file work-v4.tsv (TSV, N, CA and C atoms)
chain	number	residue	atom	x	y	z
A	112	MET	N	22.33	-0.19	-14.97
A	112	MET	CA	21.05	0.13	-14.35
A	112	MET	C	20.51	-1.12	-13.67
A	113	SER	N	20.22	-1.04	-12.37
A	113	SER	CA	19.63	-2.18	-11.68
A	113	SER	C	18.11	-2.03	-11.59
A	114	TYR	N	17.44	-3.14	-11.36
A	114	TYR	CA	15.99	-3.19	-11.35
A	114	TYR	C	15.51	-3.81	-10.04
A	115	GLU	N	14.50	-3.19	-9.43
A	115	GLU	CA	13.89	-3.72	-8.22
A	115	GLU	C	12.39	-3.83	-8.45
A	116	LYS	N	11.78	-4.84	-7.83
A	116	LYS	CA	10.33	-4.98	-7.93
A	116	LYS	C	9.74	-5.20	-6.55
A	117	SER	N	8.71	-4.45	-6.25
A	117	SER	CA	7.97	-4.59	-4.99
A	117	SER	C	6.49	-4.71	-5.29
A	118	CYS	N	5.75	-5.22	-4.32
A	118	CYS	CA	4.30	-5.34	-4.46
A	118	CYS	C	3.66	-4.91	-3.15
A	119	GLY	N	2.49	-4.32	-3.27
A	119	GLY	CA	1.76	-3.86	-2.10
A	119	GLY	C	0.31	-3.64	-2.45
A	120	ALA	N	-0.37	-2.87	-1.61
A	120	ALA	CA	-1.78	-2.65	-1.85
A	120	ALA	C	-2.28	-1.37	-1.20
A	121	VAL	N	-3.34	-0.86	-1.78
A	121	VAL	CA	-4.16	0.14	-1.14
A	121	VAL	C	-5.14	-0.68	-0.30
A	122	VAL	N	-4.95	-0.65	1.01
A	122	VAL	CA	-5.76	-1.45	1.93
A	122	VAL	C	-6.92	-0.60	2.43
A	123	TYR	N	-8.14	-1.14	2.34
A	123	TYR	CA	-9.31	-0.38	2.78
A	123	TYR	C	-10.14	-1.19	3.76
A	124	ARG	N	-10.97	-0.45	4.50
A	124	ARG	CA	-11.97	-1.07	5.37
A	124	ARG	C	-13.18	-0.14	5.41
A	125	LYS	N	-14.32	-0.70	5.73
A	125	LYS	CA	-15.53	0.08	6.00
A	125	LYS	C	-15.60	0.24	7.51
A	126	HIS	N	-15.76	1.50	7.96
A	126	HIS	CA	-15.77	1.77	9.39
A	126	HIS	C	-16.78	2.88	9.67
A	127	HIS	N	-17.82	2.55	10.40
A	127	HIS	CA	-18.90	3.50	10.72
A	127	HIS	C	-19.45	4.17	9.46
A	128	GLY	N	-19.62	3.39	8.41
A	128	GLY	CA	-20.20	3.89	7.17
A	128	GLY	C	-19.21	4.59	6.24
A	129	ASN	N	-17.98	4.74	6.67
A	129	ASN	CA	-16.96	5.39	5.85
A	129	ASN	C	-15.96	4.37	5.32
A	130	THR	N	-15.32	4.72	4.22
A	130	THR	CA	-14.22	3.92	3.70
A	130	THR	C	-12.93	4.53	4.21
A	131	GLU	N	-12.12	3.71	4.87
A	131	GLU	CA	-10.83	4.17	5.39
A	131	GLU	C	-9.70	3.42	4.71
A	132	ILE	N	-8.58	4.10	4.56
A	132	ILE	CA	-7.39	3.57	3.90
A	132	ILE	C	-6.27	3.46	4.92
A	133	LEU	N	-5.52	2.37	4.85
A	133	LEU	CA	-4.39	2.13	5.73
A	133	LEU	C	-3.14	2.81	5.16
A	134	LEU	N	-2.56	3.71	5.93
A	134	LEU	CA	-1.34	4.40	5.50
A	134	LEU	C	-0.21	4.09	6.48
A	135	ILE	N	1.01	4.07	5.94
A	135	ILE	CA	2.19	3.86	6.76
A	135	ILE	C	3.16	5.01	6.57
A	136	LYS	N	3.92	5.30	7.62
A	136	LYS	CA	4.95	6.33	7.56
A	136	LYS	C	6.31	5.62	7.73
A	137	HIS	N	7.18	5.81	6.76
A	137	HIS	CA	8.48	5.13	6.75
A	137	HIS	C	9.46	5.81	7.71
A	138	VAL	N	10.22	5.00	8.45
A	138	VAL	CA	11.20	5.51	9.40
A	138	VAL	C	12.25	6.37	8.70
A	139	ARG	N	12.86	5.83	7.64
A	139	ARG	CA	13.99	6.52	7.00
A	139	ARG	C	13.60	7.82	6.32
A	140	SER	N	12.55	7.79	5.52
A	140	SER	CA	12.19	8.97	4.73
A	140	SER	C	11.20	9.89	5.42
A	141	GLY	N	10.43	9.36	6.37
A	141	GLY	CA	9.38	10.15	7.01
A	141	GLY	C	8.17	10.35	6.11
A	142	CYS	N	8.12	9.62	4.99
A	142	CYS	CA	7.04	9.78	4.01
A	142	CYS	C	5.89	8.82	4.29
A	143	TRP	N	4.68	9.31	4.03
A	143	TRP	CA	3.46	8.50	4.14
A	143	TRP	C	3.19	7.84	2.81
A	144	SER	N	2.81	6.57	2.84
A	144	SER	CA	2.53	5.82	1.63
A	144	SER	C	1.66	4.62	1.97
A	145	PHE	N	1.68	3.63	1.07
A	145	PHE	CA	0.93	2.39	1.23
A	145	PHE	C	1.91	1.26	1.55
A	146	PRO	N	1.47	0.23	2.26
A	146	PRO	CA	2.38	-0.89	2.55
A	146	PRO	C	2.79	-1.62	1.27
A	147	LYS	N	4.08	-1.95	1.22
A	147	LYS	CA	4.63	-2.66	0.06
A	147	LYS	C	6.00	-3.20	0.43
A	148	GLY	N	6.53	-4.09	-0.40
A	148	GLY	CA	7.86	-4.59	-0.16
A	148	GLY	C	8.34	-5.48	-1.28
A	149	HIS	N	9.60	-5.86	-1.19
A	149	HIS	CA	10.26	-6.65	-2.24
A	149	HIS	C	9.71	-8.07	-2.33
A	150	MET	N	9.67	-8.56	-3.55
A	150	MET	CA	9.27	-9.94	-3.80
A	150	MET	C	10.37	-10.88	-3.33
A	151	GLU	N	9.95	-12.02	-2.79
A	151	GLU	CA	10.88	-13.08	-2.42
A	151	GLU	C	10.76	-14.20	-3.45
A	152	GLN	N	11.83	-14.96	-3.58
A	152	GLN	CA	11.86	-16.04	-4.55
A	152	GLN	C	10.69	-17.00	-4.32
A	153	GLY	N	10.02	-17.35	-5.41
A	153	GLY	CA	8.92	-18.29	-5.34
A	153	GLY	C	7.56	-17.66	-5.10
A	154	GLU	N	7.52	-16.37	-4.81
A	154	GLU	CA	6.25	-15.68	-4.57
A	154	GLU	C	5.70	-15.09	-5.86
A	155	ASP	N	4.37	-15.01	-5.95
A	155	ASP	CA	3.77	-14.21	-7.01
A	155	ASP	C	3.47	-12.82	-6.43
A	156	GLU	N	2.95	-11.94	-7.26
A	156	GLU	CA	2.73	-10.56	-6.83
A	156	GLU	C	1.74	-10.46	-5.67
A	157	ILE	N	0.66	-11.21	-5.74
A	157	ILE	CA	-0.36	-11.14	-4.68
A	157	ILE	C	0.20	-11.69	-3.37
A	158	GLN	N	0.92	-12.78	-3.42
A	158	GLN	CA	1.52	-13.35	-2.20
A	158	GLN	C	2.47	-12.34	-1.56
A	159	THR	N	3.25	-11.65	-2.38
A	159	THR	CA	4.17	-10.64	-1.85
A	159	THR	C	3.40	-9.52	-1.17
A	160	ALA	N	2.37	-9.02	-1.83
A	160	ALA	CA	1.58	-7.91	-1.26
A	160	ALA	C	0.98	-8.31	0.09
A	161	VAL	N	0.36	-9.48	0.15
A	161	VAL	CA	-0.28	-9.94	1.39
A	161	VAL	C	0.76	-10.11	2.50
A	162	ARG	N	1.90	-10.71	2.18
A	162	ARG	CA	2.96	-10.92	3.18
A	162	ARG	C	3.51	-9.60	3.68
A	163	GLU	N	3.80	-8.68	2.78
A	163	GLU	CA	4.39	-7.40	3.18
A	163	GLU	C	3.43	-6.58	4.04
A	164	ILE	N	2.16	-6.59	3.71
A	164	ILE	CA	1.17	-5.87	4.52
A	164	ILE	C	1.15	-6.44	5.93
A	165	LYS	N	1.17	-7.77	6.03
A	165	LYS	CA	1.17	-8.42	7.34
A	165	LYS	C	2.44	-8.07	8.11
A	166	GLU	N	3.61	-8.13	7.45
A	166	GLU	CA	4.88	-7.83	8.12
A	166	GLU	C	4.95	-6.39	8.60
A	167	GLU	N	4.51	-5.46	7.77
A	167	GLU	CA	4.65	-4.04	8.11
A	167	GLU	C	3.60	-3.54	9.08
A	168	THR	N	2.39	-4.13	9.07
A	168	THR	CA	1.28	-3.56	9.84
A	168	THR	C	0.55	-4.56	10.74
A	169	ASN	N	0.81	-5.84	10.56
A	169	ASN	CA	0.11	-6.92	11.25
A	169	ASN	C	-1.36	-7.02	10.84
A	170	ILE	N	-1.73	-6.43	9.72
A	170	ILE	CA	-3.10	-6.49	9.21
A	170	ILE	C	-3.21	-7.65	8.23
A	171	ASP	N	-4.25	-8.45	8.37
A	171	ASP	CA	-4.57	-9.50	7.40
A	171	ASP	C	-5.49	-8.91	6.34
A	172	VAL	N	-5.23	-9.24	5.09
A	172	VAL	CA	-6.02	-8.69	4.00
A	172	VAL	C	-6.47	-9.78	3.05
A	173	SER	N	-7.46	-9.43	2.25
A	173	SER	CA	-7.94	-10.30	1.18
A	173	SER	C	-7.92	-9.50	-0.12
A	174	ILE	N	-7.26	-10.05	-1.11
A	174	ILE	CA	-7.29	-9.46	-2.45
A	174	ILE	C	-8.23	-10.34	-3.25
A	175	ASP	N	-9.51	-9.95	-3.26
A	175	ASP	CA	-10.56	-10.77	-3.85
A	175	ASP	C	-10.62	-10.64	-5.36
A	176	ASP	N	-10.22	-9.49	-5.85
A	176	ASP	CA	-10.37	-9.20	-7.28
A	176	ASP	C	-9.10	-8.52	-7.76
A	177	ALA	N	-8.27	-9.25	-8.48
A	177	ALA	CA	-7.00	-8.68	-8.95
A	177	ALA	C	-7.17	-7.83	-10.20
A	178	SER	N	-8.42	-7.45	-10.53
A	178	SER	CA	-8.61	-6.60	-11.70
A	178	SER	C	-8.13	-5.17	-11.43
A	179	PHE	N	-7.99	-4.80	-10.15
A	179	PHE	CA	-7.33	-3.53	-9.81
A	179	PHE	C	-5.86	-3.87	-9.61
A	180	ARG	N	-5.07	-3.56	-10.62
A	180	ARG	CA	-3.62	-3.80	-10.58
A	180	ARG	C	-2.97	-2.60	-11.25
A	181	GLU	N	-2.31	-1.80	-10.45
A	181	GLU	CA	-1.66	-0.59	-10.95
A	181	GLU	C	-0.15	-0.73	-10.76
A	182	VAL	N	0.60	-0.28	-11.75
A	182	VAL	CA	2.06	-0.36	-11.70
A	182	VAL	C	2.63	1.05	-11.70
A	183	VAL	N	3.51	1.30	-10.73
A	183	VAL	CA	4.21	2.59	-10.63
A	183	VAL	C	5.69	2.31	-10.86
A	184	VAL	N	6.30	3.06	-11.76
A	184	VAL	CA	7.72	2.91	-12.05
A	184	VAL	C	8.40	4.24	-11.74
A	185	PHE	N	9.52	4.17	-11.00
A	185	PHE	CA	10.26	5.39	-10.67
A	185	PHE	C	11.72	5.04	-10.42
A	186	ASN	N	12.53	6.05	-10.22
A	186	ASN	CA	13.96	5.89	-9.95
A	186	ASN	C	14.27	6.41	-8.56
A	187	PRO	N	14.35	5.51	-7.56
A	187	PRO	CA	14.61	5.95	-6.19
A	187	PRO	C	16.05	6.44	-5.98
A	188	ARG	N	16.95	5.94	-6.81
A	188	ARG	CA	18.35	6.33	-6.76
A	188	ARG	C	18.90	6.33	-8.19
A	189	ARG	N	20.01	6.99	-8.36
A	189	ARG	CA	20.65	6.99	-9.67
A	189	ARG	C	20.96	5.55	-10.07
A	190	ASP	N	20.71	5.20	-11.29
A	190	ASP	CA	20.97	3.87	-11.84
A	190	ASP	C	20.10	2.77	-11.25
A	191	VAL	N	18.96	3.12	-10.62
A	191	VAL	CA	18.03	2.12	-10.11
A	191	VAL	C	16.63	2.45	-10.63
A	192	THR	N	16.01	1.46	-11.26
A	192	THR	CA	14.62	1.58	-11.67
A	192	THR	C	13.81	0.64	-10.79
A	193	LYS	N	12.76	1.18	-10.21
A	193	LYS	CA	11.93	0.38	-9.31
A	193	LYS	C	10.51	0.33	-9.86
A	194	GLU	N	9.96	-0.88	-9.87
A	194	GLU	CA	8.58	-1.11	-10.27
A	194	GLU	C	7.82	-1.57	-9.04
A	195	VAL	N	6.70	-0.91	-8.76
A	195	VAL	CA	5.85	-1.33	-7.64
A	195	VAL	C	4.46	-1.65	-8.20
A	196	VAL	N	4.01	-2.87	-7.91
A	196	VAL	CA	2.69	-3.32	-8.33
A	196	VAL	C	1.76	-3.20	-7.13
A	197	TYR	N	0.66	-2.48	-7.31
A	197	TYR	CA	-0.32	-2.29	-6.24
A	197	TYR	C	-1.64	-2.96	-6.60
A	198	PHE	N	-2.25	-3.56	-5.60
A	198	PHE	CA	-3.58	-4.12	-5.71
A	198	PHE	C	-4.50	-3.35	-4.77
A	199	LEU	N	-5.76	-3.68	-4.78
A	199	LEU	CA	-6.72	-3.16	-3.82
A	199	LEU	C	-7.04	-4.32	-2.88
A	200	ALA	N	-6.85	-4.11	-1.59
A	200	ALA	CA	-7.02	-5.18	-0.61
A	200	ALA	C	-7.99	-4.77	0.48
A	201	ARG	N	-8.89	-5.70	0.80
A	201	ARG	CA	-9.86	-5.48	1.88
A	201	ARG	C	-9.26	-6.01	3.18
A	202	ALA	N	-9.24	-5.18	4.19
A	202	ALA	CA	-8.72	-5.60	5.50
A	202	ALA	C	-9.69	-6.59	6.12
A	203	VAL	N	-9.15	-7.68	6.68
A	203	VAL	CA	-9.98	-8.64	7.41
A	203	VAL	C	-9.65	-8.62	8.90
A	204	SER	N	-8.62	-7.86	9.26
A	204	SER	CA	-8.33	-7.55	10.67
A	204	SER	C	-7.98	-6.06	10.69
A	205	PHE	N	-8.14	-5.43	11.85
A	205	PHE	CA	-8.03	-3.96	11.87
A	205	PHE	C	-7.02	-3.41	12.86
A	206	GLU	N	-6.55	-4.21	13.79
A	206	GLU	CA	-5.61	-3.73	14.81
A	206	GLU	C	-4.20	-3.67	14.25
A	207	CYS	N	-3.68	-2.47	14.12
A	207	CYS	CA	-2.35	-2.26	13.54
A	207	CYS	C	-1.27	-2.48	14.59
A	208	GLU	N	-0.19	-3.08	14.14
A	208	GLU	CA	1.01	-3.21	14.94
A	208	GLU	C	2.17	-3.03	13.97
A	209	ARG	N	2.85	-1.90	14.07
A	209	ARG	CA	3.86	-1.56	13.06
A	209	ARG	C	5.15	-2.35	13.22
A	210	GLN	N	5.82	-2.54	12.10
A	210	GLN	CA	7.14	-3.15	12.08
A	210	GLN	C	8.13	-2.04	12.46
A	211	GLU	N	8.59	-2.04	13.68
A	211	GLU	CA	9.32	-0.90	14.24
A	211	GLU	C	10.57	-0.50	13.48
A	212	GLU	N	11.28	-1.47	12.87
A	212	GLU	CA	12.52	-1.14	12.17
A	212	GLU	C	12.27	-0.27	10.93
A	213	GLU	N	11.12	-0.44	10.29
A	213	GLU	CA	10.86	0.24	9.03
A	213	GLU	C	9.74	1.27	9.09
A	214	ILE	N	8.79	1.09	10.00
A	214	ILE	CA	7.57	1.90	9.99
A	214	ILE	C	7.47	2.70	11.29
A	215	SER	N	7.34	4.03	11.17
A	215	SER	CA	7.24	4.86	12.38
A	215	SER	C	5.79	5.10	12.81
A	216	ASP	N	4.84	4.95	11.88
A	216	ASP	CA	3.44	5.16	12.24
A	216	ASP	C	2.56	4.41	11.25
A	217	VAL	N	1.42	3.95	11.72
A	217	VAL	CA	0.40	3.29	10.91
A	217	VAL	C	-0.93	3.87	11.32
A	218	ARG	N	-1.75	4.24	10.35
A	218	ARG	CA	-3.07	4.75	10.73
A	218	ARG	C	-4.09	4.54	9.62
A	219	TRP	N	-5.34	4.45	10.07
A	219	TRP	CA	-6.49	4.40	9.17
A	219	TRP	C	-6.93	5.83	8.91
A	220	VAL	N	-7.08	6.20	7.64
A	220	VAL	CA	-7.45	7.56	7.25
A	220	VAL	C	-8.67	7.49	6.34
A	221	GLU	N	-9.65	8.34	6.61
A	221	GLU	CA	-10.83	8.40	5.75
A	221	GLU	C	-10.37	8.66	4.32
A	222	ILE	N	-10.96	7.95	3.36
A	222	ILE	CA	-10.47	7.96	1.98
A	222	ILE	C	-10.37	9.37	1.39
A	223	GLY	N	-11.28	10.23	1.75
A	223	GLY	CA	-11.25	11.60	1.23
A	223	GLY	C	-10.10	12.45	1.78
A	224	GLN	N	-9.49	11.99	2.87
A	224	GLN	CA	-8.40	12.73	3.50
A	224	GLN	C	-7.01	12.19	3.16
A	225	THR	N	-6.95	11.08	2.44
A	225	THR	CA	-5.65	10.42	2.22
A	225	THR	C	-4.67	11.27	1.43
A	226	SER	N	-5.15	12.00	0.44
A	226	SER	CA	-4.23	12.80	-0.39
A	226	SER	C	-3.46	13.82	0.43
A	227	ALA	N	-4.05	14.31	1.50
A	227	ALA	CA	-3.37	15.29	2.35
A	227	ALA	C	-2.20	14.65	3.11
A	228	PHE	N	-2.26	13.35	3.34
A	228	PHE	CA	-1.18	12.65	4.04
A	228	PHE	C	-0.07	12.21	3.10
A	229	LEU	N	-0.46	11.76	1.91
A	229	LEU	CA	0.49	11.12	0.99
A	229	LEU	C	1.61	12.06	0.57
A	230	SER	N	2.82	11.52	0.51
A	230	SER	CA	4.01	12.32	0.23
A	230	SER	C	4.35	12.42	-1.25
A	231	TYR	N	3.86	11.47	-2.07
A	231	TYR	CA	4.26	11.41	-3.48
A	231	TYR	C	3.07	11.57	-4.41
A	232	ASP	N	3.30	12.26	-5.52
A	232	ASP	CA	2.25	12.42	-6.53
A	232	ASP	C	1.78	11.08	-7.08
A	233	ASN	N	2.71	10.13	-7.27
A	233	ASN	CA	2.33	8.80	-7.76
A	233	ASN	C	1.30	8.16	-6.84
A	234	ASP	N	1.45	8.35	-5.53
A	234	ASP	CA	0.50	7.78	-4.57
A	234	ASP	C	-0.83	8.50	-4.62
A	235	ARG	N	-0.81	9.80	-4.87
A	235	ARG	CA	-2.08	10.54	-5.00
A	235	ARG	C	-2.85	10.08	-6.24
A	236	ILE	N	-2.14	9.84	-7.32
A	236	ILE	CA	-2.78	9.31	-8.53
A	236	ILE	C	-3.36	7.93	-8.24
A	237	LEU	N	-2.60	7.11	-7.54
A	237	LEU	CA	-3.05	5.76	-7.19
A	237	LEU	C	-4.30	5.78	-6.33
A	238	ILE	N	-4.35	6.63	-5.33
A	238	ILE	CA	-5.53	6.66	-4.45
A	238	ILE	C	-6.76	7.16	-5.22
A	239	ASN	N	-6.56	8.07	-6.17
A	239	ASN	CA	-7.69	8.53	-6.98
A	239	ASN	C	-8.23	7.39	-7.86
A	240	LYS	N	-7.33	6.56	-8.39
A	240	LYS	CA	-7.77	5.40	-9.17
A	240	LYS	C	-8.51	4.41	-8.28
A	241	ALA	N	-8.00	4.20	-7.07
A	241	ALA	CA	-8.65	3.29	-6.14
A	241	ALA	C	-10.04	3.80	-5.75
A	242	LYS	N	-10.17	5.11	-5.51
A	242	LYS	CA	-11.48	5.69	-5.19
A	242	LYS	C	-12.46	5.43	-6.31
A	243	SER	N	-12.04	5.68	-7.54
A	243	SER	CA	-12.91	5.47	-8.70
A	243	SER	C	-13.32	4.01	-8.82
A	244	PHE	N	-12.36	3.10	-8.62
A	244	PHE	CA	-12.64	1.68	-8.72
A	244	PHE	C	-13.64	1.25	-7.64
A	245	LEU	N	-13.43	1.71	-6.42
A	245	LEU	CA	-14.34	1.38	-5.32
A	245	LEU	C	-15.75	1.92	-5.60
A	246	ALA	N	-15.83	3.12	-6.14
A	246	ALA	CA	-17.14	3.71	-6.45
A	246	ALA	C	-17.85	2.93	-7.57
A	247	MET	N	-17.09	2.50	-8.57
A	247	MET	CA	-17.69	1.75	-9.70
A	247	MET	C	-18.15	0.37	-9.27
A	248	THR	N	-17.39	-0.27	-8.39
A	248	THR	CA	-17.72	-1.63	-7.99
A	248	THR	C	-18.61	-1.68	-6.75
A	249	LYS	N	-18.83	-0.55	-6.14
A	249	LYS	CA	-19.70	-0.43	-4.96
A	249	LYS	C	-19.28	-1.38	-3.85
A	250	ILE	N	-17.99	-1.49	-3.66
A	250	ILE	CA	-17.45	-2.36	-2.60
A	250	ILE	C	-17.70	-1.72	-1.25
call {"tool": "encode", "arguments": {"input": "work-v4.tsv", "output": "structure tokens"}}
result
Amino acid sequence: MSYEKSCGAVVYRKHHGNTEILLIKHVRSGCWSFPKGHMEQGEDEIQTAVREIKEETNIDVSIDDASFREVVVFNPRRDVTKEVVYFLARAVSFECERQEEEISDVRWVEIGQTSAFLSYDNDRILINKAKSFLAMTKI
């Protein structure tokens, strides 16, 4: 059994009084999800998340409070266990530019509409946790 670890974030912004979430659509699978990617040697989880978001979307983010840290574990292939660590990240730039080799679409979606886009139940659970966290912290 092999093990993979990736890190990413639920990226949000305030736009015209609404909270919007950054979603990406993967080229290979056609699935909508959150930006994430594999850790590189010498990086910590937050550094990986920030770098991957920038690479996939060209969005700069700030992870101000790492108290929102959710871990999703699944098996993408037989004999592979993958762990993905997600943070909550505030966008500090908003103009998306997708990484064409991996990402077919990038868009900002109002937080209440994200579940309709998301392809996986794990991501729907994650966005519900993020909504609750944002509501509790009044970010």
call {"tool": "select_by_dssp", "arguments": {"input": "work-v4.tsv", "residues": "chain A", "states": "alpha helix (DSSP H)", "output": "PyMOL selection string"}}
result
chain A and resi 156-168+225-228+232-248
call {"tool": "residues_around", "arguments": {"input": "work-v4.tsv", "residues": "Ser173 of chain A", "least_positions_apart": "4", "cutoff": "7 Å", "atoms": "only C-alpha atoms", "output": "mmCIF file with N, CA and C atoms, in the coordinates of the input"}}
result
data_model
loop_
_atom_site.group_PDB
_atom_site.id
_atom_site.type_symbol
_atom_site.label_atom_id
_atom_site.label_comp_id
_atom_site.auth_asym_id
_atom_site.auth_seq_id
_atom_site.Cartn_x
_atom_site.Cartn_y
_atom_site.Cartn_z
ATOM 1 N N ALA A 200 -6.850 -4.110 -1.590
ATOM 2 C CA ALA A 200 -7.020 -5.180 -0.610
ATOM 3 C C ALA A 200 -7.990 -4.770 0.480
ATOM 4 N N ARG A 201 -8.890 -5.700 0.800
ATOM 5 C CA ARG A 201 -9.860 -5.480 1.880
ATOM 6 C C ARG A 201 -9.260 -6.010 3.180
ATOM 7 N N ALA A 202 -9.240 -5.180 4.190
ATOM 8 C CA ALA A 202 -8.720 -5.600 5.500
ATOM 9 C C ALA A 202 -9.690 -6.590 6.120
ATOM 10 N N VAL A 203 -9.150 -7.680 6.680
ATOM 11 C CA VAL A 203 -9.980 -8.640 7.410
ATOM 12 C C VAL A 203 -9.650 -8.620 8.900
#
call {"tool": "closest_atom_pairs", "arguments": {"input": "work-v4.tsv", "of": "segment 114-185 of chain A", "to": "segment 209-221 of chain A", "cutoff": "6 Å", "atoms": "only N, CA and C atoms", "output": "Markdown table"}}
result
| residue | atom | partner | partner_atom | distance |
| --- | --- | --- | --- | --- |
| A:Thr130 | C | A:Glu221 | CA | 4.7 |
| A:Glu131 | CA | A:Val220 | C | 4.1 |
| A:Ile132 | N | A:Val220 | C | 3.8 |
| A:Leu133 | CA | A:Arg218 | C | 4.6 |
| A:Leu134 | N | A:Arg218 | C | 4.1 |
| A:Ile135 | CA | A:Asp216 | C | 4.5 |
| A:Lys136 | C | A:Ser215 | N | 3.9 |
| A:His137 | C | A:Ser215 | N | 4.4 |
| A:Val138 | N | A:Glu213 | C | 3.8 |
| A:Arg139 | N | A:Glu213 | C | 5.7 |
| A:Glu166 | C | A:Gln210 | CA | 5.2 |
| A:Glu167 | C | A:Gln210 | N | 3.9 |
| A:Thr168 | CA | A:Arg209 | CA | 4.6 |
| A:Asn169 | N | A:Arg209 | N | 5.7 |
call {"tool": "closest_atom_pairs", "arguments": {"input": "work-v4.tsv", "of": "segment 140-187 of chain A", "to": "segment 225-232 of chain A", "cutoff": "7 Å", "atoms": "all atoms listed in the file", "output": "JSON lines"}}
result
{"residue": "A:Cys142", "atom": "CA", "partner": "A:Ser230", "partner_atom": "CA", "distance": 5.5}
{"residue": "A:Trp143", "atom": "C", "partner": "A:Ser230", "partner_atom": "N", "distance": 4.4}
{"residue": "A:Ser144", "atom": "N", "partner": "A:Leu229", "partner_atom": "CA", "distance": 5.4}
call {"tool": "residues_around", "arguments": {"input": "work-v4.tsv", "residues": "segment 155-158 of chain A", "least_positions_apart": "4", "cutoff": "6 Å", "atoms": "all atoms listed in the file", "output": "JSON list (two decimals) with N, CA and C atoms, keeping the file's coordinate frame"}}
result
[["chain", "number", "residue", "atom", "x", "y", "z"],
["A", 118, "CYS", "N", 5.75, -5.22, -4.32],
["A", 118, "CYS", "CA", 4.30, -5.34, -4.46],
["A", 118, "CYS", "C", 3.66, -4.91, -3.15],
["A", 162, "ARG", "N", 1.90, -10.71, 2.18],
["A", 162, "ARG", "CA", 2.96, -10.92, 3.18],
["A", 162, "ARG", "C", 3.51, -9.60, 3.68],
["A", 163, "GLU", "N", 3.80, -8.68, 2.78],
["A", 163, "GLU", "CA", 4.39, -7.40, 3.18],
["A", 163, "GLU", "C", 3.43, -6.58, 4.04]]
call {"tool": "select_by_dssp", "arguments": {"input": "work-v4.tsv", "residues": "chain A", "states": "strand (DSSP E)", "output": "ChimeraX atom specification"}}
result
/A:113-126,129-137,143-144,147-149,172-173,180-188,191-202,214-221
call {"tool": "atom_distance", "arguments": {"input": "work-v4.tsv", "atom1": "atom CA of Ala241 of chain A", "atom2": "atom CA of Leu199 of chain A"}}
result
7.1 Å
call {"tool": "atom_distance", "arguments": {"input": "work-v4.tsv", "atom1": "atom CA of Met150 of chain A", "atom2": "atom N of Tyr197 of chain A"}}
result
11.9 Å
call {"tool": "closest_residue", "arguments": {"input": "work-v4.tsv", "among": "A:Val182, A:Ile222, A:Ala160, A:Val172", "to": "Gly119 of chain A", "atoms": "only N, CA and C atoms"}}
result
A:Ala160
call {"tool": "closest_residue", "arguments": {"input": "work-v4.tsv", "among": "A:Thr192, A:Asn239, A:Gln224, A:Asn129", "to": "Met112 of chain A", "atoms": "all atoms listed in the file"}}
result
A:Thr192
call {"tool": "atom_distance", "arguments": {"input": "work-v4.tsv", "atom1": "atom N of Ser113 of chain A", "atom2": "atom N of Gly148 of chain A"}}
result
18.4 Å
call {"tool": "residues_around", "arguments": {"input": "work-v4.tsv", "residues": "Lys116 of chain A", "least_positions_apart": "5", "cutoff": "6 Å", "atoms": "only C-alpha atoms", "output": "ChimeraX atom specification"}}
result
/A:149,193-195
